[in-house]
file coords23.pdb (PDB, C-alpha atoms, pLDDT in the B column)
ATOM      1  CA  MET A 197       4.619  -9.697  18.368  1.00 75.00           C
ATOM      2  CA  THR A 198       5.080 -11.129  14.910  1.00 94.00           C
ATOM      3  CA  VAL A 199       4.997  -9.017  11.770  1.00 97.00           C
ATOM      4  CA  THR A 200       4.471 -10.282   8.238  1.00 97.00           C
ATOM      5  CA  LEU A 201       6.774  -9.797   5.280  1.00 98.00           C
ATOM      6  CA  HIS A 202       4.666 -10.507   2.206  1.00 98.00           C
ATOM      7  CA  VAL A 203       6.678 -11.297  -0.903  1.00 98.00           C
ATOM      8  CA  CYS A 204       5.010 -11.152  -4.307  1.00 97.00           C
ATOM      9  CA  THR A 205       5.967 -14.298  -6.170  1.00 96.00           C
ATOM     10  CA  THR A 206       4.476 -13.263  -9.507  1.00 94.00           C
ATOM     11  CA  CYS A 207       6.644 -10.152 -10.039  1.00 93.00           C
ATOM     12  CA  ARG A 208       8.578 -10.176 -13.324  1.00 90.00           C
ATOM     13  CA  MET A 209      10.836  -7.135 -12.728  1.00 88.00           C
ATOM     14  CA  GLY A 210       9.348  -5.563 -15.818  1.00 82.00           C
ATOM     15  CA  ALA A 211      10.840  -8.078 -18.226  1.00 83.00           C
ATOM     16  CA  PRO A 212       9.505 -11.168 -19.996  1.00 86.00           C
ATOM     17  CA  VAL A 213      10.265 -14.423 -18.139  1.00 87.00           C
ATOM     18  CA  PRO A 214      10.404 -17.724 -20.083  1.00 89.00           C
ATOM     19  CA  GLU A 215       7.652 -20.117 -19.024  1.00 86.00           C
ATOM     20  CA  ASP A 216      10.094 -22.670 -17.611  1.00 87.00           C
ATOM     21  CA  GLU A 217      12.039 -20.209 -15.459  1.00 90.00           C
ATOM     22  CA  PRO A 218      11.047 -19.027 -11.999  1.00 92.00           C
ATOM     23  CA  ARG A 219       9.887 -15.447 -11.847  1.00 94.00           C
ATOM     24  CA  PRO A 220      12.095 -12.882 -10.103  1.00 95.00           C
ATOM     25  CA  GLY A 221       9.484 -12.617  -7.341  1.00 96.00           C
ATOM     26  CA  ALA A 222       9.667 -16.363  -6.699  1.00 96.00           C
ATOM     27  CA  ARG A 223      13.461 -16.143  -6.646  1.00 96.00           C
ATOM     28  CA  LEU A 224      13.268 -13.299  -4.157  1.00 97.00           C
ATOM     29  CA  LEU A 225      11.026 -15.356  -1.871  1.00 98.00           C
ATOM     30  CA  GLU A 226      13.408 -18.306  -2.094  1.00 97.00           C
ATOM     31  CA  ALA A 227      16.446 -16.142  -1.339  1.00 98.00           C
ATOM     32  CA  LEU A 228      14.755 -14.521   1.660  1.00 98.00           C
ATOM     33  CA  ALA A 229      13.644 -17.872   3.052  1.00 97.00           C
ATOM     34  CA  ALA A 230      17.122 -19.320   2.533  1.00 98.00           C
ATOM     35  CA  ALA A 231      18.698 -16.405   4.394  1.00 98.00           C
ATOM     36  CA  GLY A 232      16.201 -16.929   7.203  1.00 97.00           C
ATOM     37  CA  ALA A 233      13.520 -14.698   8.712  1.00 97.00           C
ATOM     38  CA  PRO A 234      14.679 -12.479  11.597  1.00 97.00           C
ATOM     39  CA  GLU A 235      13.075 -12.941  15.000  1.00 96.00           C
ATOM     40  CA  GLY A 236       9.503 -11.697  15.035  1.00 97.00           C
ATOM     41  CA  VAL A 237       9.173 -11.760  11.239  1.00 98.00           C
ATOM     42  CA  ARG A 238       7.107 -14.220   9.247  1.00 97.00           C
ATOM     43  CA  ILE A 239       7.801 -14.509   5.505  1.00 98.00           C
ATOM     44  CA  VAL A 240       4.619 -15.177   3.520  1.00 97.00           C
ATOM     45  CA  PRO A 241       4.265 -15.524  -0.264  1.00 97.00           C
ATOM     46  CA  VAL A 242       1.473 -13.664  -2.021  1.00 97.00           C
ATOM     47  CA  GLU A 243       0.344 -13.653  -5.623  1.00 95.00           C
ATOM     48  CA  CYS A 244       0.271 -10.056  -6.752  1.00 94.00           C
ATOM     49  CA  LEU A 245       0.363  -6.856  -4.743  1.00 96.00           C
ATOM     50  CA  SER A 246      -1.196  -4.954  -7.685  1.00 94.00           C
ATOM     51  CA  ALA A 247       1.993  -3.029  -8.305  1.00 93.00           C
ATOM     52  CA  CYS A 248       3.210  -5.021 -11.292  1.00 90.00           C
ATOM     53  CA  ASP A 249       4.926  -2.090 -13.012  1.00 88.00           C
ATOM     54  CA  HIS A 250       7.256  -1.718 -10.058  1.00 88.00           C
ATOM     55  CA  GLY A 251       8.347  -5.284  -9.093  1.00 89.00           C
ATOM     56  CA  CYS A 252       9.804  -7.001  -7.288  1.00 96.00           C
ATOM     57  CA  ASN A 253       7.477  -5.854  -4.539  1.00 97.00           C
ATOM     58  CA  ILE A 254       7.156  -6.696  -0.864  1.00 98.00           C
ATOM     59  CA  ALA A 255       4.874  -5.509   1.950  1.00 98.00           C
ATOM     60  CA  LEU A 256       5.391  -5.225   5.688  1.00 98.00           C
ATOM     61  CA  SER A 257       2.429  -5.272   8.056  1.00 97.00           C
ATOM     62  CA  GLY A 258       1.737  -6.077  11.672  1.00 96.00           C
ATOM     63  CA  PRO A 259      -0.792  -5.483  14.434  1.00 93.00           C
ATOM     64  CA  GLY A 260      -1.017  -1.813  15.438  1.00 94.00           C
ATOM     65  CA  ARG A 261       1.556  -0.795  12.837  1.00 96.00           C
ATOM     66  CA  TRP A 262       1.723   1.277   9.691  1.00 97.00           C
ATOM     67  CA  SER A 263       1.916  -1.019   6.645  1.00 98.00           C
ATOM     68  CA  TYR A 264       4.453  -0.403   3.880  1.00 98.00           C
ATOM     69  CA  VAL A 265       4.845  -1.512   0.284  1.00 97.00           C
ATOM     70  CA  TYR A 266       8.341  -1.435  -1.208  1.00 97.00           C
ATOM     71  CA  ARG A 267       9.089  -1.689  -4.904  1.00 97.00           C
ATOM     72  CA  GLY A 268      11.934  -2.195  -7.327  1.00 96.00           C
ATOM     73  CA  LEU A 269      13.632  -4.933  -5.320  1.00 97.00           C
ATOM     74  CA  ASN A 270      16.087  -7.435  -6.695  1.00 95.00           C
ATOM     75  CA  PRO A 271      16.669 -11.019  -5.521  1.00 96.00           C
ATOM     76  CA  GLU A 272      20.382 -10.751  -6.247  1.00 95.00           C
ATOM     77  CA  GLU A 273      21.051  -7.479  -4.426  1.00 96.00           C
ATOM     78  CA  HIS A 274      18.553  -6.684  -1.726  1.00 98.00           C
ATOM     79  CA  VAL A 275      17.973  -9.747   0.477  1.00 98.00           C
ATOM     80  CA  ALA A 276      20.153  -8.656   3.413  1.00 98.00           C
ATOM     81  CA  ASP A 277      18.719  -5.130   3.414  1.00 98.00           C
ATOM     82  CA  ILE A 278      15.129  -6.364   3.216  1.00 98.00           C
ATOM     83  CA  LEU A 279      15.667  -8.651   6.206  1.00 98.00           C
ATOM     84  CA  ALA A 280      17.437  -5.910   8.190  1.00 98.00           C
ATOM     85  CA  GLY A 281      14.587  -3.521   7.431  1.00 98.00           C
ATOM     86  CA  ALA A 282      11.991  -6.115   8.417  1.00 98.00           C
ATOM     87  CA  ALA A 283      13.791  -6.775  11.703  1.00 98.00           C
ATOM     88  CA  ALA A 284      13.866  -3.042  12.487  1.00 98.00           C
ATOM     89  CA  TYR A 285      10.159  -2.838  11.650  1.00 98.00           C
ATOM     90  CA  ALA A 286       9.362  -5.778  13.912  1.00 97.00           C
ATOM     91  CA  ALA A 287      11.226  -4.072  16.749  1.00 97.00           C
ATOM     92  CA  THR A 288       8.903  -1.045  16.661  1.00 97.00           C
ATOM     93  CA  GLU A 289       5.444  -0.810  18.173  1.00 96.00           C
ATOM     94  CA  ASP A 290       3.932   1.337  15.415  1.00 97.00           C
ATOM     95  CA  GLY A 291       5.954   0.343  12.362  1.00 97.00           C
ATOM     96  CA  LEU A 292       7.683   3.727  12.152  1.00 97.00           C
ATOM     97  CA  VAL A 293      11.401   3.002  12.033  1.00 98.00           C
ATOM     98  CA  PRO A 294      13.518   6.153  12.506  1.00 97.00           C
ATOM     99  CA  TRP A 295      14.570   7.414   9.067  1.00 96.00           C
ATOM    100  CA  ARG A 296      18.296   6.934   9.544  1.00 96.00           C
ATOM    101  CA  GLU A 297      17.821   3.377  10.741  1.00 96.00           C
ATOM    102  CA  ARG A 298      16.000   2.331   7.588  1.00 97.00           C
ATOM    103  CA  PRO A 299      17.980   0.564   4.870  1.00 97.00           C
ATOM    104  CA  MET A 300      18.528   2.831   1.864  1.00 97.00           C
ATOM    105  CA  ILE A 301      16.136   0.744  -0.255  1.00 97.00           C
ATOM    106  CA  PHE A 302      13.359   1.392   2.283  1.00 97.00           C
ATOM    107  CA  ARG A 303      14.049   5.132   2.189  1.00 97.00           C
ATOM    108  CA  LYS A 304      14.096   5.357  -1.585  1.00 96.00           C
ATOM    109  CA  GLN A 305      11.788   2.588  -2.767  1.00 96.00           C
ATOM    110  CA  SER A 306       8.664   3.005  -0.683  1.00 96.00           C
ATOM    111  CA  LEU A 307       5.659   2.765  -2.968  1.00 96.00           C
ATOM    112  CA  ALA A 308       3.010   3.562  -0.357  1.00 97.00           C
ATOM    113  CA  ARG A 309       2.139   3.221   3.312  1.00 97.00           C
ATOM    114  CA  ILE A 310      -1.162   2.759   5.137  1.00 97.00           C
ATOM    115  CA  PRO A 311      -1.920   3.865   8.705  1.00 97.00           C
ATOM    116  CA  PRO A 312      -2.578   1.272  11.405  1.00 95.00           C
ATOM    117  CA  MET A 313      -6.039  -0.239  11.510  1.00 86.00           C
ATOM    118  CA  GLU A 314      -8.228   1.605  13.971  1.00 71.00           C
ATOM    119  CA  SER A 315      -9.874  -0.488  16.622  1.00 56.00           C
TER
ATOM    120  CA  MET B  46     -18.055  -3.940  10.625  1.00 75.00           C
ATOM    121  CA  THR B  47     -16.566  -0.529   9.897  1.00 94.00           C
ATOM    122  CA  VAL B  48     -13.826   0.038   7.330  1.00 97.00           C
ATOM    123  CA  THR B  49     -11.571   3.069   7.108  1.00 97.00           C
ATOM    124  CA  LEU B  50     -11.129   5.366   4.131  1.00 98.00           C
ATOM    125  CA  HIS B  51      -7.888   7.232   4.739  1.00 98.00           C
ATOM    126  CA  VAL B  52      -7.532  10.424   2.735  1.00 98.00           C
ATOM    127  CA  CYS B  53      -4.126  12.046   2.373  1.00 97.00           C
ATOM    128  CA  THR B  54      -4.546  15.749   3.108  1.00 96.00           C
ATOM    129  CA  THR B  55      -1.044  16.768   2.061  1.00 94.00           C
ATOM    130  CA  CYS B  56      -1.277  15.621  -1.573  1.00 93.00           C
ATOM    131  CA  ARG B  57      -0.508  18.353  -4.097  1.00 90.00           C
ATOM    132  CA  MET B  58      -1.568  16.557  -7.299  1.00 88.00           C
ATOM    133  CA  GLY B  59       1.945  17.046  -8.624  1.00 82.00           C
ATOM    134  CA  ALA B  60       1.680  20.807  -8.878  1.00 83.00           C
ATOM    135  CA  PRO B  61       2.819  23.716  -6.695  1.00 86.00           C
ATOM    136  CA  VAL B  62       0.114  24.979  -4.323  1.00 87.00           C
ATOM    137  CA  PRO B  63       0.253  28.576  -3.013  1.00 89.00           C
ATOM    138  CA  GLU B  64       0.796  28.737   0.746  1.00 86.00           C
ATOM    139  CA  ASP B  65      -2.606  30.291   1.402  1.00 87.00           C
ATOM    140  CA  GLU B  66      -4.607  27.760  -0.618  1.00 91.00           C
ATOM    141  CA  PRO B  67      -5.783  24.377   0.620  1.00 92.00           C
ATOM    142  CA  ARG B  68      -3.972  21.449  -0.923  1.00 94.00           C
ATOM    143  CA  PRO B  69      -5.881  19.182  -3.325  1.00 95.00           C
ATOM    144  CA  GLY B  70      -5.749  16.410  -0.721  1.00 96.00           C
ATOM    145  CA  ALA B  71      -7.430  18.628   1.858  1.00 96.00           C
ATOM    146  CA  ARG B  72     -10.052  19.596  -0.712  1.00 96.00           C
ATOM    147  CA  LEU B  73     -10.665  15.933  -1.471  1.00 97.00           C
ATOM    148  CA  LEU B  74     -11.185  15.191   2.223  1.00 98.00           C
ATOM    149  CA  GLU B  75     -13.605  18.087   2.527  1.00 97.00           C
ATOM    150  CA  ALA B  76     -15.576  17.019  -0.544  1.00 98.00           C
ATOM    151  CA  LEU B  77     -15.821  13.414   0.659  1.00 98.00           C
ATOM    152  CA  ALA B  78     -16.951  14.492   4.120  1.00 97.00           C
ATOM    153  CA  ALA B  79     -19.510  16.889   2.619  1.00 98.00           C
ATOM    154  CA  ALA B  80     -20.926  14.126   0.424  1.00 98.00           C
ATOM    155  CA  GLY B  81     -21.131  11.893   3.486  1.00 97.00           C
ATOM    156  CA  ALA B  82     -19.566   8.558   4.338  1.00 97.00           C
ATOM    157  CA  PRO B  83     -21.554   5.480   3.285  1.00 97.00           C
ATOM    158  CA  GLU B  84     -22.762   3.092   5.953  1.00 96.00           C
ATOM    159  CA  GLY B  85     -19.906   1.125   7.462  1.00 97.00           C
ATOM    160  CA  VAL B  86     -17.242   3.545   6.220  1.00 98.00           C
ATOM    161  CA  ARG B  87     -15.268   5.943   8.379  1.00 97.00           C
ATOM    162  CA  ILE B  88     -13.423   8.801   6.648  1.00 98.00           C
ATOM    163  CA  VAL B  89     -10.121   9.585   8.366  1.00 97.00           C
ATOM    164  CA  PRO B  90      -7.544  12.194   7.323  1.00 97.00           C
ATOM    165  CA  VAL B  91      -3.874  11.224   7.218  1.00 97.00           C
ATOM    166  CA  GLU B  92      -0.757  13.248   6.516  1.00 95.00           C
ATOM    167  CA  CYS B  93       1.096  11.464   3.756  1.00 94.00           C
ATOM    168  CA  LEU B  94       0.718   7.961   2.383  1.00 96.00           C
ATOM    169  CA  SER B  95       4.289   8.112   1.000  1.00 94.00           C
ATOM    170  CA  ALA B  96       3.039   8.138  -2.563  1.00 93.00           C
ATOM    171  CA  CYS B  97       3.499  11.855  -3.208  1.00 90.00           C
ATOM    172  CA  ASP B  98       4.313  11.483  -6.921  1.00 88.00           C
ATOM    173  CA  HIS B  99       0.881   9.998  -7.511  1.00 88.00           C
ATOM    174  CA  GLY B 100      -1.595  12.155  -5.503  1.00 89.00           C
ATOM    175  CA  CYS B 101      -4.311  12.587  -4.602  1.00 96.00           C
ATOM    176  CA  ASN B 102      -4.093   9.285  -2.772  1.00 97.00           C
ATOM    177  CA  ILE B 103      -6.493   7.365  -0.565  1.00 98.00           C
ATOM    178  CA  ALA B 104      -6.350   4.015   1.239  1.00 98.00           C
ATOM    179  CA  LEU B 105      -9.036   1.517   2.196  1.00 98.00           C
ATOM    180  CA  SER B 106      -8.502  -0.898   5.069  1.00 97.00           C
ATOM    181  CA  GLY B 107     -10.581  -2.913   7.462  1.00 96.00           C
ATOM    182  CA  PRO B 108     -10.421  -5.908   9.796  1.00 93.00           C
ATOM    183  CA  GLY B 109      -9.797  -9.164   7.928  1.00 94.00           C
ATOM    184  CA  ARG B 110      -9.615  -7.385   4.584  1.00 96.00           C
ATOM    185  CA  TRP B 111      -7.072  -6.711   1.873  1.00 97.00           C
ATOM    186  CA  SER B 112      -5.942  -3.072   2.055  1.00 98.00           C
ATOM    187  CA  TYR B 113      -5.752  -0.913  -1.068  1.00 98.00           C
ATOM    188  CA  VAL B 114      -4.048   2.326  -2.017  1.00 98.00           C
ATOM    189  CA  TYR B 115      -5.511   4.315  -4.913  1.00 97.00           C
ATOM    190  CA  ARG B 116      -3.716   7.135  -6.679  1.00 97.00           C
ATOM    191  CA  GLY B 117      -4.305   9.941  -9.141  1.00 96.00           C
ATOM    192  CA  LEU B 118      -7.627  11.030  -7.648  1.00 97.00           C
ATOM    193  CA  ASN B 119      -9.220  14.390  -8.134  1.00 95.00           C
ATOM    194  CA  PRO B 120     -11.476  16.285  -5.700  1.00 96.00           C
ATOM    195  CA  GLU B 121     -13.530  17.711  -8.556  1.00 95.00           C
ATOM    196  CA  GLU B 122     -14.189  14.454 -10.413  1.00 96.00           C
ATOM    197  CA  HIS B 123     -13.938  11.368  -8.260  1.00 98.00           C
ATOM    198  CA  VAL B 124     -15.870  11.878  -5.024  1.00 98.00           C
ATOM    199  CA  ALA B 125     -18.962   9.862  -5.980  1.00 98.00           C
ATOM    200  CA  ASP B 126     -16.897   6.982  -7.363  1.00 98.00           C
ATOM    201  CA  ILE B 127     -14.619   6.873  -4.316  1.00 98.00           C
ATOM    202  CA  LEU B 128     -17.626   6.663  -1.993  1.00 98.00           C
ATOM    203  CA  ALA B 129     -19.315   4.012  -4.129  1.00 98.00           C
ATOM    204  CA  GLY B 130     -16.095   1.967  -4.160  1.00 98.00           C
ATOM    205  CA  ALA B 131     -15.698   2.348  -0.408  1.00 98.00           C
ATOM    206  CA  ALA B 132     -19.283   1.200   0.159  1.00 98.00           C
ATOM    207  CA  ALA B 133     -18.698  -1.871  -2.018  1.00 98.00           C
ATOM    208  CA  TYR B 134     -15.492  -2.598  -0.100  1.00 98.00           C
ATOM    209  CA  ALA B 135     -17.300  -2.283   3.242  1.00 97.00           C
ATOM    210  CA  ALA B 136     -19.926  -4.748   2.031  1.00 97.00           C
ATOM    211  CA  THR B 137     -17.311  -7.505   1.514  1.00 97.00           C
ATOM    212  CA  GLU B 138     -15.792  -9.690   4.185  1.00 96.00           C
ATOM    213  CA  ASP B 139     -12.298  -9.829   2.682  1.00 97.00           C
ATOM    214  CA  GLY B 140     -12.045  -6.527   0.814  1.00 97.00           C
ATOM    215  CA  LEU B 141     -12.104  -8.218  -2.598  1.00 97.00           C
ATOM    216  CA  VAL B 142     -14.855  -6.525  -4.570  1.00 98.00           C
ATOM    217  CA  PRO B 143     -15.693  -8.370  -7.814  1.00 97.00           C
ATOM    218  CA  TRP B 144     -13.832  -6.674 -10.668  1.00 96.00           C
ATOM    219  CA  ARG B 145     -16.900  -5.523 -12.572  1.00 96.00           C
ATOM    220  CA  GLU B 146     -18.414  -3.990  -9.460  1.00 96.00           C
ATOM    221  CA  ARG B 147     -15.429  -1.741  -8.859  1.00 97.00           C
ATOM    222  CA  PRO B 148     -15.607   1.867 -10.040  1.00 97.00           C
ATOM    223  CA  MET B 149     -13.342   2.428 -13.056  1.00 97.00           C
ATOM    224  CA  ILE B 150     -10.941   4.533 -10.980  1.00 97.00           C
ATOM    225  CA  PHE B 151     -10.443   1.580  -8.619  1.00 97.00           C
ATOM    226  CA  ARG B 152      -9.719  -0.727 -11.552  1.00 97.00           C
ATOM    227  CA  LYS B 153      -7.246   1.606 -13.213  1.00 96.00           C
ATOM    228  CA  GLN B 154      -5.709   3.600 -10.384  1.00 96.00           C
ATOM    229  CA  SER B 155      -4.732   0.993  -7.820  1.00 96.00           C
ATOM    230  CA  LEU B 156      -1.216   1.749  -6.626  1.00 96.00           C
ATOM    231  CA  ALA B 157      -0.801  -1.319  -4.407  1.00 97.00           C
ATOM    232  CA  ARG B 158      -2.656  -3.746  -2.175  1.00 97.00           C
ATOM    233  CA  ILE B 159      -1.656  -5.625   0.972  1.00 97.00           C
ATOM    234  CA  PRO B 160      -3.088  -8.960   2.140  1.00 97.00           C
ATOM    235  CA  PRO B 161      -5.142  -9.123   5.330  1.00 95.00           C
ATOM    236  CA  MET B 162      -3.270  -9.202   8.594  1.00 86.00           C
ATOM    237  CA  GLU B 163      -2.760 -12.755   9.771  1.00 71.00           C
ATOM    238  CA  SER B 164      -3.936 -13.525  13.264  1.00 57.00           C
TER
END
call {"tool": "encode", "arguments": {"input": "coords23.pdb", "output": "structure tokens"}}
result
Amino acid sequence: MTVTLHVCTTCRMGAPVPEDEPRPGARLLEALAAAGAPEGVRIVPVECLSACDHGCNIALSGPGRWSYVYRGLNPEEHVADILAGAAAYAATEDGLVPWRERPMIFRKQSLARIPPMES
Amino acid sequence: MTVTLHVCTTCRMGAPVPEDEPRPGARLLEALAAAGAPEGVRIVPVECLSACDHGCNIALSGPGRWSYVYRGLNPEEHVADILAGAAAYAATEDGLVPWRERPMIFRKQSLARIPPMES
């Protein structure tokens, strides 16, 4: 079953961005897409996850799973870890990846989580 | 269609809580339940929304809707506004309540939001 990795493309990483330069969030999306989505993961851009003080931000969600928002990500440093974490998430049924199997950024940079939708 | 108001019962509001006293999150749940859920809203306790620095925290989610996490809530002050905001959320199809119709706490204390699940 496919899960969704939402990537905020409007994140500025807390710094001014010149009008003619892509925002860090857009660069993160591009870097993730270039690296390639793992099996069972769909990468989807979104404008604003309402966590602008904490960018770059991403969210993971999927049917029957806990949803997570991660913050403080960096297009130059975190692409491989984000994709590894998304793959591990996709491999679960409930979205709860065992703590030790989560990339360090997912352990330390979780902004919030939301329980699965009830049917 | 019913939406879910998750209330974190383990939130401490950033302060130590004596072992024999209920946590602020548990008091918030109790106060919300006592006031009564609006039509179309189900109040569900949850242990930890992974936003412990910001408590009390709640989350709103529902089929086809954006999900929201709100932070910095207070069982003594915010019960009526939380329930009004949840009712407005339940009345939408996509979870996007017009800005001016949101209670002030929902405008100022949004921690993050997540787009609707894609089918």
call {"tool": "resolve_selection", "arguments": {"input": "coords23.pdb", "expression": "the ChimeraX specification (/B :<9) & /A", "output": "ChimeraX atom specification"}}
result
/A:199-200,202,242,244-248,255-259,263-265,306-315
call {"tool": "residues_around", "arguments": {"input": "coords23.pdb", "residues": "Ala276 (chain A)", "least_positions_apart": "3", "cutoff": "12 Å", "atoms": "all atoms listed in the file", "output": "ChimeraX atom specification"}}
result
/A:224,227-234,269-273,279-283,299-301
call {"tool": "atom_distance", "arguments": {"input": "coords23.pdb", "atom1": "CA of Gly140 (chain B)", "atom2": "CA of Val52 (chain B)"}}
result
17.6 Å
call {"tool": "atom_distance", "arguments": {"input": "coords23.pdb", "atom1": "CA of Leu50 (chain B)", "atom2": "CA of Trp144 (chain B)"}}
result
19.3 Å
call {"tool": "atom_distance", "arguments": {"input": "coords23.pdb", "atom1": "CA of Ile127 (chain B)", "atom2": "CA of Arg261 (chain A)"}}
result
24.8 Å
call {"tool": "closest_residue", "arguments": {"input": "coords23.pdb", "among": "A:Met197, A:Ala286, A:Cys207, A:Leu292", "to": "Pro220 (chain A)", "atoms": "only C-alpha atoms"}}
result
A:Cys207
call {"tool": "closest_residue", "arguments": {"input": "coords23.pdb", "among": "A:Ala284, A:Ala222, A:Val293, A:Cys252", "to": "Gly268 (chain A)", "atoms": "only C-alpha atoms"}}
result
A:Cys252
call {"tool": "closest_residue", "arguments": {"input": "coords23.pdb", "among": "A:Gly236, A:Pro214, A:Gly260, A:Gly251", "to": "Ala287 (chain A)", "atoms": "all atoms listed in the file"}}
result
A:Gly236
call {"tool": "decode", "arguments": {"input": "coords23.pdb", "residues": "region 241-255 of chain A", "atoms": "C-alpha atoms", "output": "PDB file, in the first residue's frame"}}
result
ATOM      1  CA  PRO A 241       4.687  18.694  -3.129  1.00  0.00           C
ATOM      2  CA  VAL A 242       2.562  20.834  -0.840  1.00  0.00           C
ATOM      3  CA  GLU A 243       2.487  24.562  -0.243  1.00  0.00           C
ATOM      4  CA  CYS A 244       2.851  25.097   3.472  1.00  0.00           C
ATOM      5  CA  LEU A 245       2.481  22.669   6.345  1.00  0.00           C
ATOM      6  CA  SER A 246       1.871  25.593   8.749  1.00  0.00           C
ATOM      7  CA  ALA A 247       5.167  25.018  10.499  1.00  0.00           C
ATOM      8  CA  CYS A 248       7.106  27.832   8.859  1.00  0.00           C
ATOM      9  CA  ASP A 249       9.330  28.546  11.866  1.00  0.00           C
ATOM     10  CA  HIS A 250      10.750  25.048  11.647  1.00  0.00           C
ATOM     11  CA  GLY A 251      11.410  24.387   7.911  1.00  0.00           C
ATOM     12  CA  CYS A 252      12.246  22.542   5.856  1.00  0.00           C
ATOM     13  CA  ASN A 253       9.282  20.386   6.777  1.00  0.00           C
ATOM     14  CA  ILE A 254       7.918  17.113   5.457  1.00  0.00           C
ATOM     15  CA  ALA A 255       4.979  14.877   6.406  1.00  0.00           C
TER      16      ALA A 255
END
